[in-house]
>>> print(open('upload-v9.csv').read())   # CSV, C-alpha atoms and all ligand atoms
chain,number,residue,atom,x,y,z
A,1,MET,CA,-99.9,42.1,93.4
A,2,ASN,CA,-97.3,39.5,94.2
A,3,LYS,CA,-94.3,40.7,96.1
A,4,ILE,CA,-90.9,40.3,94.5
A,5,LYS,CA,-89.1,37.5,96.4
A,6,ILE,CA,-85.7,37.8,94.7
A,7,PRO,CA,-82.7,38.6,96.9
A,8,LYS,CA,-81.4,42.2,96.2
A,9,ASN,CA,-78.1,41.1,94.8
A,10,ARG,CA,-80.0,39.0,92.2
A,11,LEU,CA,-82.3,41.8,90.9
A,12,ARG,CA,-81.5,42.5,87.3
A,13,LYS,CA,-81.5,46.0,85.7
A,14,LEU,CA,-82.7,46.5,82.2
A,15,GLN,CA,-80.1,48.1,80.0
A,16,THR,CA,-80.8,49.7,76.6
A,17,PHE,CA,-78.5,49.4,73.7
A,18,THR,CA,-78.4,50.9,70.2
A,19,LEU,CA,-76.1,49.8,67.4
A,20,GLY,CA,-72.6,51.0,67.1
A,21,GLN,CA,-70.8,51.7,63.8
A,22,LYS,CA,-69.1,48.4,63.3
A,23,PRO,CA,-71.4,45.4,62.6
A,24,TYR,CA,-70.3,43.8,65.9
A,25,GLU,CA,-70.5,47.0,68.0
A,26,LEU,CA,-73.3,48.2,70.4
A,27,GLN,CA,-73.7,51.3,72.4
A,28,ASN,CA,-75.1,51.3,75.9
A,29,ILE,CA,-77.2,54.4,75.9
A,30,ASN,CA,-77.6,54.4,79.7
A,31,SER,CA,-74.0,54.7,79.9
A,32,ASP,CA,-72.9,57.7,81.9
A,33,LYS,CA,-70.0,55.5,82.9
A,34,ILE,CA,-67.6,53.1,81.4
A,35,ASN,CA,-67.2,52.5,77.7
A,36,ASN,CA,-70.2,53.3,75.5
A,37,LYS,CA,-68.9,51.6,72.4
A,38,ILE,CA,-68.8,48.0,73.1
A,39,ILE,CA,-68.1,44.7,71.2
A,40,ASP,CA,-71.1,42.4,71.3
A,41,LEU,CA,-70.1,39.0,72.7
A,42,CYS,CA,-73.5,38.0,74.0
A,43,SER,CA,-76.3,38.5,71.4
A,44,ASN,CA,-77.5,35.5,69.3
A,45,ASP,CA,-77.2,37.4,66.1
A,46,TYR,CA,-74.5,34.9,65.1
A,47,PHE,CA,-74.2,35.9,61.4
A,48,GLY,CA,-75.0,39.6,61.9
A,49,LEU,CA,-78.1,39.2,59.7
A,50,SER,CA,-80.2,41.6,61.8
A,51,ARG,CA,-78.1,44.4,60.2
A,52,ASP,CA,-77.8,42.9,56.7
A,53,ASN,CA,-79.0,45.4,54.0
A,54,ASP,CA,-80.8,42.8,51.9
A,55,VAL,CA,-82.6,41.4,54.9
A,56,ILE,CA,-83.7,44.8,56.0
A,57,LYS,CA,-84.7,45.7,52.4
A,58,ALA,CA,-86.8,42.6,52.0
A,59,SER,CA,-88.5,43.3,55.3
A,60,TYR,CA,-89.2,46.9,54.3
A,61,LYS,CA,-90.6,46.0,50.9
A,62,THR,CA,-92.9,43.4,52.4
A,63,SER,CA,-94.1,46.0,55.1
A,64,LEU,CA,-95.1,48.3,52.3
A,65,SER,CA,-97.3,45.7,50.5
A,66,GLU,CA,-98.4,43.5,53.5
A,67,GLY,CA,-98.3,45.9,56.5
A,68,LEU,CA,-95.9,46.0,59.3
A,69,GLY,CA,-98.2,44.0,61.6
A,70,SER,CA,-100.6,41.4,60.4
A,71,GLY,CA,-103.5,42.9,62.3
A,72,SER,CA,-105.1,39.7,63.5
A,73,SER,CA,-104.5,36.0,64.0
A,74,ARG,CA,-103.9,33.5,61.2
A,75,PHE,CA,-107.6,32.4,61.3
A,76,ILE,CA,-109.0,35.9,61.0
A,77,THR,CA,-107.3,38.1,58.5
A,78,GLY,CA,-103.6,37.7,59.6
A,79,SER,CA,-102.5,35.1,57.1
A,80,ARG,CA,-100.3,36.7,54.4
A,81,PRO,CA,-98.7,35.2,51.3
A,82,ILE,CA,-95.3,35.7,53.0
A,83,HIS,CA,-96.3,33.3,55.8
A,84,LYS,CA,-97.1,30.6,53.4
A,85,LEU,CA,-94.0,31.3,51.4
A,86,LEU,CA,-91.7,31.1,54.4
A,87,GLU,CA,-93.5,27.9,55.7
A,88,THR,CA,-93.1,26.2,52.3
A,89,HIS,CA,-89.4,27.2,52.0
A,90,LEU,CA,-88.7,25.8,55.4
A,91,GLU,CA,-90.6,22.6,54.7
A,92,GLY,CA,-88.4,22.1,51.6
A,93,TRP,CA,-85.2,23.0,53.4
A,94,LEU,CA,-85.8,20.8,56.4
A,95,LYS,CA,-87.6,18.1,54.5
A,96,LYS,CA,-90.6,18.2,56.8
A,97,GLU,CA,-94.2,17.8,55.8
A,98,LYS,CA,-95.5,20.7,57.8
A,99,VAL,CA,-94.0,24.0,59.2
A,100,LEU,CA,-96.1,26.4,61.2
A,101,LEU,CA,-95.0,29.9,62.1
A,102,PHE,CA,-95.3,31.5,65.5
A,103,PRO,CA,-94.6,35.0,66.8
A,104,SER,CA,-91.7,33.8,69.0
A,105,GLY,CA,-89.8,30.7,70.0
A,106,PHE,CA,-91.1,31.0,73.5
A,107,GLN,CA,-94.6,30.6,72.1
A,108,ALA,CA,-93.6,27.9,69.6
A,109,ASN,CA,-92.2,25.8,72.4
A,110,ILE,CA,-95.3,26.1,74.5
A,111,ALA,CA,-97.4,25.1,71.5
A,112,ALA,CA,-95.0,22.2,70.8
A,113,VAL,CA,-95.3,20.7,74.3
A,114,GLN,CA,-99.1,21.2,74.3
A,115,GLY,CA,-99.3,19.4,71.0
A,116,LEU,CA,-97.5,16.3,72.3
A,117,ALA,CA,-98.4,16.1,76.0
A,118,ASN,CA,-101.5,16.3,78.2
A,119,ARG,CA,-102.5,15.9,81.8
A,120,SER,CA,-101.9,12.2,81.8
A,121,SER,CA,-98.5,12.4,80.1
A,122,ILE,CA,-95.0,12.0,81.6
A,123,VAL,CA,-92.5,14.5,80.2
A,124,ILE,CA,-88.9,13.5,80.7
A,125,ALA,CA,-86.7,16.5,80.0
A,126,ASP,CA,-83.0,17.3,80.1
A,127,LYS,CA,-82.0,19.3,83.2
A,128,PHE,CA,-80.9,22.3,81.0
A,129,ILE,CA,-83.9,22.8,78.7
A,130,HIS,CA,-85.0,26.3,78.1
A,131,ASN,CA,-87.6,28.0,80.3
A,132,SER,CA,-90.2,28.2,77.5
A,133,LEU,CA,-90.3,24.4,77.3
A,134,LEU,CA,-90.8,24.2,81.1
A,135,VAL,CA,-93.6,26.7,80.9
A,136,GLY,CA,-95.2,24.5,78.2
A,137,VAL,CA,-95.0,21.4,80.4
A,138,LYS,CA,-96.6,23.3,83.3
A,139,ALA,CA,-99.4,24.5,81.0
A,140,THR,CA,-100.2,20.9,80.0
A,141,GLY,CA,-100.4,19.7,83.6
A,142,SER,CA,-98.2,16.7,82.7
A,143,LYS,CA,-95.8,15.2,85.2
A,144,LEU,CA,-92.3,16.6,84.7
A,145,VAL,CA,-89.2,14.4,85.3
A,146,ARG,CA,-85.7,15.7,84.7
A,147,PHE,CA,-82.7,13.6,83.6
A,148,ALA,CA,-79.1,14.7,84.1
A,149,HIS,CA,-77.7,16.8,81.3
A,150,ASN,CA,-76.9,14.7,78.3
A,151,ASP,CA,-76.9,11.6,80.4
A,152,LEU,CA,-78.2,8.7,78.3
A,153,LYS,CA,-78.2,6.2,81.1
A,154,ASP,CA,-80.2,8.5,83.3
A,155,LEU,CA,-82.6,9.1,80.4
A,156,GLU,CA,-83.1,5.4,79.9
A,157,ASN,CA,-83.6,4.7,83.6
A,158,LYS,CA,-86.2,7.4,83.8
A,159,ILE,CA,-88.1,6.0,80.8
A,160,LEU,CA,-88.0,2.5,82.3
A,161,LYS,CA,-89.3,3.8,85.6
A,162,PHE,CA,-92.3,5.5,84.0
A,163,LYS,CA,-92.9,3.1,81.1
A,164,VAL,CA,-94.8,0.8,83.5
A,165,THR,CA,-97.5,3.4,84.1
A,166,GLN,CA,-98.8,3.1,80.6
A,167,ASN,CA,-99.0,6.9,80.4
A,168,SER,CA,-97.7,8.5,77.2
A,169,ILE,CA,-94.1,9.7,77.4
A,170,LEU,CA,-92.5,12.7,75.8
A,171,ILE,CA,-88.8,13.4,75.8
A,172,ILE,CA,-87.6,17.0,75.4
A,173,VAL,CA,-84.0,18.1,74.6
A,174,GLU,CA,-82.2,21.0,72.9
A,175,SER,CA,-79.8,20.1,70.1
A,176,LEU,CA,-77.3,22.8,71.2
A,177,TYR,CA,-77.8,24.0,74.8
A,178,SER,CA,-78.1,27.7,75.2
A,179,MET,CA,-76.2,28.1,78.5
A,180,GLU,CA,-73.7,25.2,78.3
A,181,GLY,CA,-72.9,25.4,74.6
A,182,SER,CA,-73.0,21.6,74.7
A,183,ILE,CA,-74.4,19.3,72.0
A,184,ALA,CA,-77.0,16.7,72.7
A,185,PRO,CA,-76.1,13.1,71.7
A,186,LEU,CA,-79.1,13.2,69.4
A,187,LYS,CA,-78.5,10.0,67.5
A,188,ALA,CA,-78.4,8.0,70.7
A,189,ILE,CA,-81.4,9.8,72.1
A,190,VAL,CA,-83.4,8.9,69.0
A,191,GLU,CA,-82.4,5.3,69.4
A,192,ILE,CA,-83.6,5.2,73.0
A,193,CYS,CA,-86.9,6.9,72.0
A,194,LYS,CA,-87.4,4.3,69.2
A,195,LYS,CA,-86.5,1.4,71.5
A,196,TYR,CA,-89.2,2.5,74.0
A,197,ASN,CA,-91.6,3.9,71.5
A,198,VAL,CA,-91.8,7.4,73.1
A,199,GLU,CA,-92.1,10.8,71.4
A,200,LEU,CA,-89.2,13.3,71.0
A,201,LEU,CA,-89.3,17.1,70.8
A,202,VAL,CA,-86.0,18.8,69.9
A,203,ASP,CA,-85.5,22.6,70.3
A,204,GLU,CA,-83.0,23.7,67.5
A,205,ALA,CA,-83.0,27.4,68.5
A,206,HIS,CA,-79.2,27.8,68.7
A,207,ALA,CA,-78.2,25.1,66.1
A,208,LEU,CA,-80.3,26.2,63.1
A,209,GLY,CA,-78.3,28.0,60.4
A,210,ILE,CA,-75.0,26.8,61.9
A,211,LEU,CA,-74.9,23.1,62.8
A,212,GLY,CA,-75.9,20.0,60.8
A,213,PRO,CA,-75.7,19.6,57.0
A,214,ASP,CA,-75.6,23.1,55.5
A,215,GLY,CA,-76.9,24.6,58.8
A,216,LYS,CA,-80.1,22.6,58.7
A,217,GLY,CA,-79.8,21.7,62.4
A,218,LEU,CA,-78.6,18.6,64.2
A,219,SER,CA,-82.0,16.9,63.8
A,220,PHE,CA,-81.9,17.0,60.0
A,221,ASP,CA,-80.4,13.5,59.3
A,222,LEU,CA,-82.6,12.0,62.1
A,223,SER,CA,-85.6,13.9,61.3
A,224,ASP,CA,-87.9,11.0,60.4
A,225,ASP,CA,-87.6,9.7,63.9
A,226,ILE,CA,-88.1,13.0,65.7
A,227,THR,CA,-91.7,13.9,66.4
A,228,MET,CA,-91.3,17.6,66.3
A,229,ILE,CA,-88.6,20.3,66.1
A,230,THR,CA,-88.8,23.9,67.0
A,231,GLY,CA,-86.6,26.7,65.6
A,232,THR,CA,-86.4,30.5,66.0
A,233,PHE,CA,-85.7,33.3,63.6
A,234,GLY,CA,-84.4,35.5,66.5
A,235,LYS,CA,-80.9,34.0,66.5
A,236,SER,CA,-78.8,33.1,63.4
A,237,PHE,CA,-81.6,34.4,61.1
A,238,GLY,CA,-81.3,37.9,62.7
A,239,SER,CA,-85.1,38.4,62.5
A,240,GLY,CA,-87.9,37.4,65.0
A,241,GLY,CA,-90.5,34.8,65.2
A,242,ALA,CA,-90.2,31.0,65.1
A,243,PHE,CA,-91.6,27.8,63.8
A,244,ILE,CA,-92.6,24.2,64.6
A,245,ALA,CA,-91.7,21.5,62.0
A,246,CYS,CA,-93.5,18.1,62.2
A,247,ASN,CA,-95.6,15.7,60.1
A,248,SER,CA,-98.8,16.9,58.4
A,249,GLN,CA,-101.1,15.0,60.9
A,250,ILE,CA,-99.5,16.7,64.0
A,251,GLY,CA,-99.4,20.0,62.0
A,252,GLU,CA,-103.1,19.8,61.3
A,253,TYR,CA,-103.8,18.9,65.0
A,254,LEU,CA,-101.9,22.1,66.0
A,255,ILE,CA,-103.7,24.3,63.5
A,256,GLN,CA,-107.0,23.1,64.9
A,257,THR,CA,-106.2,23.0,68.6
A,258,SER,CA,-103.2,25.1,69.6
A,259,GLY,CA,-104.2,28.3,71.4
A,260,ALA,CA,-100.6,29.6,70.9
A,261,PHE,CA,-101.1,29.3,67.2
A,262,ARG,CA,-104.8,30.3,66.9
A,263,TYR,CA,-105.2,33.1,69.4
A,264,THR,CA,-102.3,35.4,68.7
A,265,THR,CA,-101.6,38.1,66.1
A,266,ALA,CA,-99.8,36.3,63.3
A,267,LEU,CA,-96.0,36.8,62.9
A,268,SER,CA,-95.3,40.3,61.5
A,269,PRO,CA,-95.0,40.1,57.7
A,270,ALA,CA,-91.9,42.3,58.0
A,271,LEU,CA,-90.2,39.7,60.2
A,272,ALA,CA,-91.3,36.8,58.1
A,273,ALA,CA,-89.9,38.5,55.0
A,274,GLY,CA,-86.6,39.2,56.8
A,275,ALA,CA,-86.5,35.5,57.9
A,276,LEU,CA,-87.1,34.3,54.4
A,277,LYS,CA,-84.3,36.5,53.0
A,278,SER,CA,-82.0,35.3,55.8
A,279,LEU,CA,-82.9,31.7,54.9
A,280,GLN,CA,-81.9,32.4,51.3
A,281,ILE,CA,-78.6,34.0,52.4
A,282,ILE,CA,-77.8,31.0,54.8
A,283,LYS,CA,-78.6,28.6,51.9
A,284,SER,CA,-76.2,30.3,49.6
A,285,ASN,CA,-73.4,30.7,52.1
A,286,LYS,CA,-73.0,27.0,53.2
A,287,THR,CA,-69.5,27.6,54.7
A,288,TRP,CA,-70.7,30.3,57.2
A,289,GLY,CA,-71.6,27.7,59.9
A,290,ILE,CA,-68.5,25.7,59.4
A,291,ASN,CA,-66.3,28.8,59.5
A,292,LEU,CA,-68.1,30.1,62.6
A,293,LEU,CA,-67.5,26.8,64.4
A,294,SER,CA,-63.8,26.7,63.5
A,295,ALA,CA,-63.4,30.4,64.7
A,296,SER,CA,-65.2,29.5,67.9
A,297,LYS,CA,-62.7,26.6,68.5
A,298,LYS,CA,-59.9,29.2,68.1
A,299,TRP,CA,-61.6,31.5,70.6
A,300,LYS,CA,-62.0,28.7,73.1
A,301,LYS,CA,-58.4,27.6,72.8
A,302,GLU,CA,-57.2,31.2,73.3
A,303,ILE,CA,-59.5,31.8,76.3
A,304,VAL,CA,-58.5,28.6,78.0
A,305,ARG,CA,-54.8,29.7,77.6
A,306,ASN,CA,-55.5,33.1,79.2
A,307,ILE,CA,-57.8,32.4,82.1
A,308,SER,CA,-57.8,29.8,84.9
A,309,PHE,CA,-61.5,29.2,85.1
A,310,PRO,CA,-62.9,26.2,83.2
A,311,VAL,CA,-64.4,27.0,79.8
A,312,ARG,CA,-67.4,25.0,78.5
A,313,GLY,CA,-68.9,24.9,75.1
A,314,ASP,CA,-68.4,23.0,71.8
A,315,CYS,CA,-69.7,25.5,69.4
A,316,GLN,CA,-70.4,29.2,69.1
A,317,ILE,CA,-71.6,29.4,72.7
A,318,LEU,CA,-68.8,29.4,75.2
A,319,SER,CA,-69.2,29.7,79.0
A,320,ILE,CA,-66.4,30.8,81.3
A,321,ILE,CA,-67.4,29.1,84.6
A,322,THR,CA,-66.5,31.6,87.3
A,323,GLY,CA,-68.6,29.8,90.0
A,324,GLN,CA,-69.4,32.6,92.5
A,325,GLU,CA,-71.8,35.3,91.5
A,326,GLU,CA,-69.6,38.2,92.9
A,327,GLN,CA,-66.6,37.0,90.8
A,328,THR,CA,-68.8,36.7,87.7
A,329,ILE,CA,-70.0,40.3,88.1
A,330,LEU,CA,-66.5,41.5,88.6
A,331,LEU,CA,-65.4,39.8,85.4
A,332,GLN,CA,-68.4,41.3,83.5
A,333,LYS,CA,-67.5,44.8,84.7
A,334,HIS,CA,-63.8,44.3,83.9
A,335,LEU,CA,-64.7,43.2,80.3
A,336,GLU,CA,-67.2,46.1,79.9
A,337,LYS,CA,-64.7,48.6,81.1
A,338,ASN,CA,-62.4,47.3,78.4
A,339,GLY,CA,-64.9,47.4,75.6
A,340,PHE,CA,-66.5,43.9,75.6
A,341,LEU,CA,-70.1,43.1,76.4
A,342,ALA,CA,-70.5,39.6,77.8
A,343,ILE,CA,-73.3,39.1,80.4
A,344,ALA,CA,-72.9,37.4,83.7
A,345,ILE,CA,-75.4,34.5,83.9
A,346,ARG,CA,-76.3,33.6,87.5
A,347,PRO,CA,-78.8,31.4,89.3
A,348,PRO,CA,-81.6,30.7,88.8
A,349,THR,CA,-80.8,30.7,85.1
A,350,VAL,CA,-77.9,28.3,85.9
A,351,PRO,CA,-77.3,26.1,89.0
A,352,GLU,CA,-75.9,27.5,92.2
A,353,ASN,CA,-72.1,28.0,92.1
A,354,GLU,CA,-72.1,27.7,88.3
A,355,SER,CA,-72.3,31.4,87.5
A,356,ARG,CA,-70.6,32.2,84.3
A,357,ILE,CA,-69.8,34.6,81.6
A,358,ARG,CA,-71.6,33.4,78.5
A,359,LEU,CA,-69.9,34.3,75.3
A,360,THR,CA,-71.4,34.1,71.8
A,361,ILE,CA,-69.0,34.2,68.9
A,362,ARG,CA,-70.2,36.0,65.8
A,363,ARG,CA,-69.0,35.4,62.3
A,364,ASP,CA,-67.9,39.1,61.9
A,365,LEU,CA,-65.3,39.0,64.8
A,366,ASN,CA,-61.8,39.0,63.5
A,367,LEU,CA,-58.6,37.7,65.0
A,368,GLY,CA,-57.5,41.2,66.1
A,369,ILE,CA,-60.6,41.3,68.4
A,370,LEU,CA,-59.8,37.9,69.8
A,371,LYS,CA,-56.3,39.0,70.6
A,372,GLU,CA,-57.5,42.1,72.3
A,373,PHE,CA,-60.1,40.1,74.2
A,374,THR,CA,-57.6,37.6,75.5
A,375,SER,CA,-55.3,40.3,76.7
A,376,VAL,CA,-58.2,41.9,78.6
A,377,LEU,CA,-59.0,38.5,80.1
A,378,LYS,CA,-55.4,37.9,81.1
A,379,ALA,CA,-55.4,41.2,83.0
A,380,PHE,CA,-58.4,40.1,85.2
A,381,LYS,CA,-57.3,39.6,88.8
A,401,LIG,C1,-83.1,27.3,73.5
A,401,LIG,C2,-84.1,28.3,73.3
A,401,LIG,N1,-85.3,28.0,72.9
A,401,LIG,C3,-86.3,29.0,72.7
A,401,LIG,C4,-86.0,30.3,72.9
A,401,LIG,C5,-87.0,31.4,72.6
A,401,LIG,O1,-86.9,31.9,71.4
A,401,LIG,P1,-87.5,33.4,71.1
A,401,LIG,O2,-86.4,34.3,71.5
A,401,LIG,O3,-87.7,33.3,69.6
A,401,LIG,O4,-88.7,33.5,71.8
A,401,LIG,C6,-84.7,30.7,73.2
A,401,LIG,C7,-84.4,32.1,73.3
A,401,LIG,O5,-83.9,32.6,74.3
A,401,LIG,C8,-83.7,29.7,73.5
A,401,LIG,O6,-82.5,30.0,73.9
>>> encode(input="upload-v9.csv", output="structure tokens")
Amino acid sequence: MNKIKIPKNRLRKLQTFTLGQKPYELQNINSDKINNKIIDLCSNDYFGLSRDNDVIKASYKTSLSEGLGSGSSRFITGSRPIHKLLETHLEGWLKKEKVLLFPSGFQANIAAVQGLANRSSIVIADKFIHNSLLVGVKATGSKLVRFAHNDLKDLENKILKFKVTQNSILIIVESLYSMEGSIAPLKAIVEICKKYNVELLVDEAHALGILGPDGKGLSFDLSDDITMITGTFGKSFGSGGAFIACNSQIGEYLIQTSGAFRYTTALSPALAAGALKSLQIIKSNKTWGINLLSASKKWKKEIVRNISFPVRGDCQILSIITGQEEQTILLQKHLEKNGFLAIAIRPPTVPENESRIRLTIRRDLNLGILKEFTSVLKAFK
């Protein structure tokens, strides 16, 4: 067995939580210490849909008729009407020819990269893309080149450098970055990709449901020029599982060749039904995303006023850049002691000296909670 080569101070401990009474509350059930009722400022359940009655009911009802698990892969007996229904609804919502479901976003991202790159490809990826996309690149054996975060000049330079090799080029970005809370300049990226005739993969994990027209993601208006997008149901949809959206030709290629699609137990019917109900709820509550973004702006403004560390993030993901790891852990503990759960994010997840407290703002947080939070922040020495 491989030896763990992680310094002791960076070893993580798994904590177990159960739900608290209020929709935004959690309980740390390991907690023999501190406060065991805590306000969730770090999950990605942005709309609280994981606890929504209608979503849970839809999931339960489908479990009764279709089974909790699907029992096998889509090509054996695992395909259920709920899979087709969810795929068709997403195709209509996102105006894409083909949507394919996966059991997780991690898996969808690996499949997406494998569908668009091979051993002779060059993959040019933003420095901050998610680990799952990097695992996908590794699995293809392509050459990985990174460009500086959201730096269009660097992206163009890297394309120019490798364009001469005649190898196919794939660009990978996220639309809303999970650790920075920053938005990709997608329109300009699309223009560059068109100029050099290269493929573009966009991970919409954190944007979907919130950003873009009616929460359809930041790719929506540019969709014809984006080769593939991925999205997950584990965040604003409050369920689990994920999807790839693309044209029908690439979709068929994935169905026939993607191991991550073919050789895995199909997405649980219960989760698919929950995701479909969430999609219906998101569709009929078009202001949720807009309201969450404006509440997040308020949170950022108040946090900046009350703490001296820089705060990054343009949307519902905000990062308090504490820099040193020790300082970050102290701040996490201070918040936890005062009833707020916001996790310290440290290297290697983020660059050295860029440790941070990553906050995610939920739609059910009220102004009273913000006020309480900022006074706790203010008291941090
Ligand atoms: C940007 C991004 N992409 C993909 C994933 C993976 O999604 P899932 O949790 O559905 O596996 C995550 C989740 O952490 C993510 O943040």
>>> residues_around(input="upload-v9.csv", residues="Ser278 of chain A", least_positions_apart="2", cutoff="7 Å", atoms="only C-alpha atoms", output="PyMOL selection string")
chain A and resi 49+55+237+274-276+280-282
>>> residues_around(input="upload-v9.csv", residues="Gly78 of chain A", least_positions_apart="3", cutoff="12 Å", atoms="only C-alpha atoms", output="list in words")
Glu66, Gly67, Leu68, Gly69, Ser70, Gly71, Ser72, Ser73, Arg74, Phe75, Pro81, Ile82, His83, Lys84, Leu101, Phe102, Pro103, Phe261, Arg262, Tyr263, Thr264, Thr265, Ala266, Leu267, Ser268 and Pro269 of chain A
>>> write_last_selection(input="upload-v9.csv", atoms="C-alpha atoms", output="tab-separated table (two decimals), keeping the file's coordinate frame")
chain	number	residue	atom	x	y	z
A	66	GLU	CA	-98.40	43.50	53.50
A	67	GLY	CA	-98.30	45.90	56.50
A	68	LEU	CA	-95.90	46.00	59.30
A	69	GLY	CA	-98.20	44.00	61.60
A	70	SER	CA	-100.60	41.40	60.40
A	71	GLY	CA	-103.50	42.90	62.30
A	72	SER	CA	-105.10	39.70	63.50
A	73	SER	CA	-104.50	36.00	64.00
A	74	ARG	CA	-103.90	33.50	61.20
A	75	PHE	CA	-107.60	32.40	61.30
A	81	PRO	CA	-98.70	35.20	51.30
A	82	ILE	CA	-95.30	35.70	53.00
A	83	HIS	CA	-96.30	33.30	55.80
A	84	LYS	CA	-97.10	30.60	53.40
A	101	LEU	CA	-95.00	29.90	62.10
A	102	PHE	CA	-95.30	31.50	65.50
A	103	PRO	CA	-94.60	35.00	66.80
A	261	PHE	CA	-101.10	29.30	67.20
A	262	ARG	CA	-104.80	30.30	66.90
A	263	TYR	CA	-105.20	33.10	69.40
A	264	THR	CA	-102.30	35.40	68.70
A	265	THR	CA	-101.60	38.10	66.10
A	266	ALA	CA	-99.80	36.30	63.30
A	267	LEU	CA	-96.00	36.80	62.90
A	268	SER	CA	-95.30	40.30	61.50
A	269	PRO	CA	-95.00	40.10	57.70
>>> residues_near_ligand(input="upload-v9.csv", ligand="ligand LIG 401 (chain A)", cutoff="9 Å", atoms="all atoms listed in the file", output="JSON, numbers by chain")
{"A": [44, 102, 103, 104, 105, 106, 107, 108, 109, 129, 130, 131, 132, 133, 174, 175, 176, 177, 178, 179, 203, 204, 205, 206, 230, 231, 232, 233, 234, 235, 240, 241, 242, 243]}
>>> atom_distance(input="upload-v9.csv", atom1="atom CA of Phe340 of chain A", atom2="atom CA of Arg358 of chain A")
12.0 Å
>>> residues_around(input="upload-v9.csv", residues="Glu87 of chain A", least_positions_apart="6", cutoff="8 Å", atoms="all atoms listed in the file", output="list in words")
Lys98, Val99, Leu100 and Leu101 of chain A
>>> closest_atom_pairs(input="upload-v9.csv", of="segment 28-63 of chain A", to="segment 309-330 of chain A", cutoff="12 Å", atoms="all atoms listed in the file", output="Markdown table")
| residue | atom | partner | partner_atom | distance |
| --- | --- | --- | --- | --- |
| A:Leu41 | CA | A:Ile317 | CA | 9.7 |
| A:Cys42 | CA | A:Ile317 | CA | 8.9 |
| A:Ser43 | CA | A:Ile317 | CA | 10.3 |
| A:Asn44 | CA | A:Ile317 | CA | 9.1 |
| A:Asp45 | CA | A:Gln316 | CA | 11.1 |
| A:Tyr46 | CA | A:Gln316 | CA | 8.1 |
| A:Phe47 | CA | A:Gln316 | CA | 10.9 |
>>> atom_distance(input="upload-v9.csv", atom1="atom CA of Asn338 of chain A", atom2="atom CA of Glu302 of chain A")
17.7 Å
>>> build_atoms(input="upload-v9.csv", residues="segment 291-302 of chain A", atoms="N, CA and C atoms", output="PDB file, in the frame of the given file")
ATOM      1  N   ASN A 291     -67.308  27.813  59.189  1.00  0.00           N
ATOM      2  CA  ASN A 291     -66.300  28.800  59.500  1.00  0.00           C
ATOM      3  C   ASN A 291     -66.510  29.359  60.951  1.00  0.00           C
ATOM      4  N   LEU A 292     -67.781  29.572  61.302  1.00  0.00           N
ATOM      5  CA  LEU A 292     -68.100  30.100  62.600  1.00  0.00           C
ATOM      6  C   LEU A 292     -67.635  29.075  63.699  1.00  0.00           C
ATOM      7  N   LEU A 293     -67.879  27.799  63.418  1.00  0.00           N
ATOM      8  CA  LEU A 293     -67.500  26.800  64.400  1.00  0.00           C
ATOM      9  C   LEU A 293     -65.983  26.685  64.528  1.00  0.00           C
ATOM     10  N   SER A 294     -65.283  26.828  63.408  1.00  0.00           N
ATOM     11  CA  SER A 294     -63.800  26.700  63.500  1.00  0.00           C
ATOM     12  C   SER A 294     -63.259  28.000  64.205  1.00  0.00           C
ATOM     13  N   ALA A 295     -63.867  29.162  63.953  1.00  0.00           N
ATOM     14  CA  ALA A 295     -63.400  30.400  64.700  1.00  0.00           C
ATOM     15  C   ALA A 295     -63.716  30.224  66.171  1.00  0.00           C
ATOM     16  N   SER A 296     -64.853  29.629  66.499  1.00  0.00           N
ATOM     17  CA  SER A 296     -65.200  29.500  67.900  1.00  0.00           C
ATOM     18  C   SER A 296     -64.220  28.552  68.625  1.00  0.00           C
ATOM     19  N   LYS A 297     -63.755  27.523  67.899  1.00  0.00           N
ATOM     20  CA  LYS A 297     -62.700  26.600  68.500  1.00  0.00           C
ATOM     21  C   LYS A 297     -61.485  27.411  68.820  1.00  0.00           C
ATOM     22  N   LYS A 298     -61.095  28.312  67.917  1.00  0.00           N
ATOM     23  CA  LYS A 298     -59.900  29.200  68.100  1.00  0.00           C
ATOM     24  C   LYS A 298     -60.123  30.042  69.360  1.00  0.00           C
ATOM     25  N   TRP A 299     -61.308  30.648  69.462  1.00  0.00           N
ATOM     26  CA  TRP A 299     -61.600  31.500  70.600  1.00  0.00           C
ATOM     27  C   TRP A 299     -61.499  30.681  71.905  1.00  0.00           C
ATOM     28  N   LYS A 300     -62.063  29.479  71.879  1.00  0.00           N
ATOM     29  CA  LYS A 300     -62.000  28.700  73.100  1.00  0.00           C
ATOM     30  C   LYS A 300     -60.588  28.360  73.516  1.00  0.00           C
ATOM     31  N   LYS A 301     -59.803  27.962  72.528  1.00  0.00           N
ATOM     32  CA  LYS A 301     -58.400  27.600  72.800  1.00  0.00           C
ATOM     33  C   LYS A 301     -57.659  28.788  73.422  1.00  0.00           C
ATOM     34  N   GLU A 302     -57.867  29.962  72.836  1.00  0.00           N
ATOM     35  CA  GLU A 302     -57.200  31.200  73.300  1.00  0.00           C
ATOM     36  C   GLU A 302     -57.676  31.573  74.725  1.00  0.00           C
TER      37      GLU A 302
END
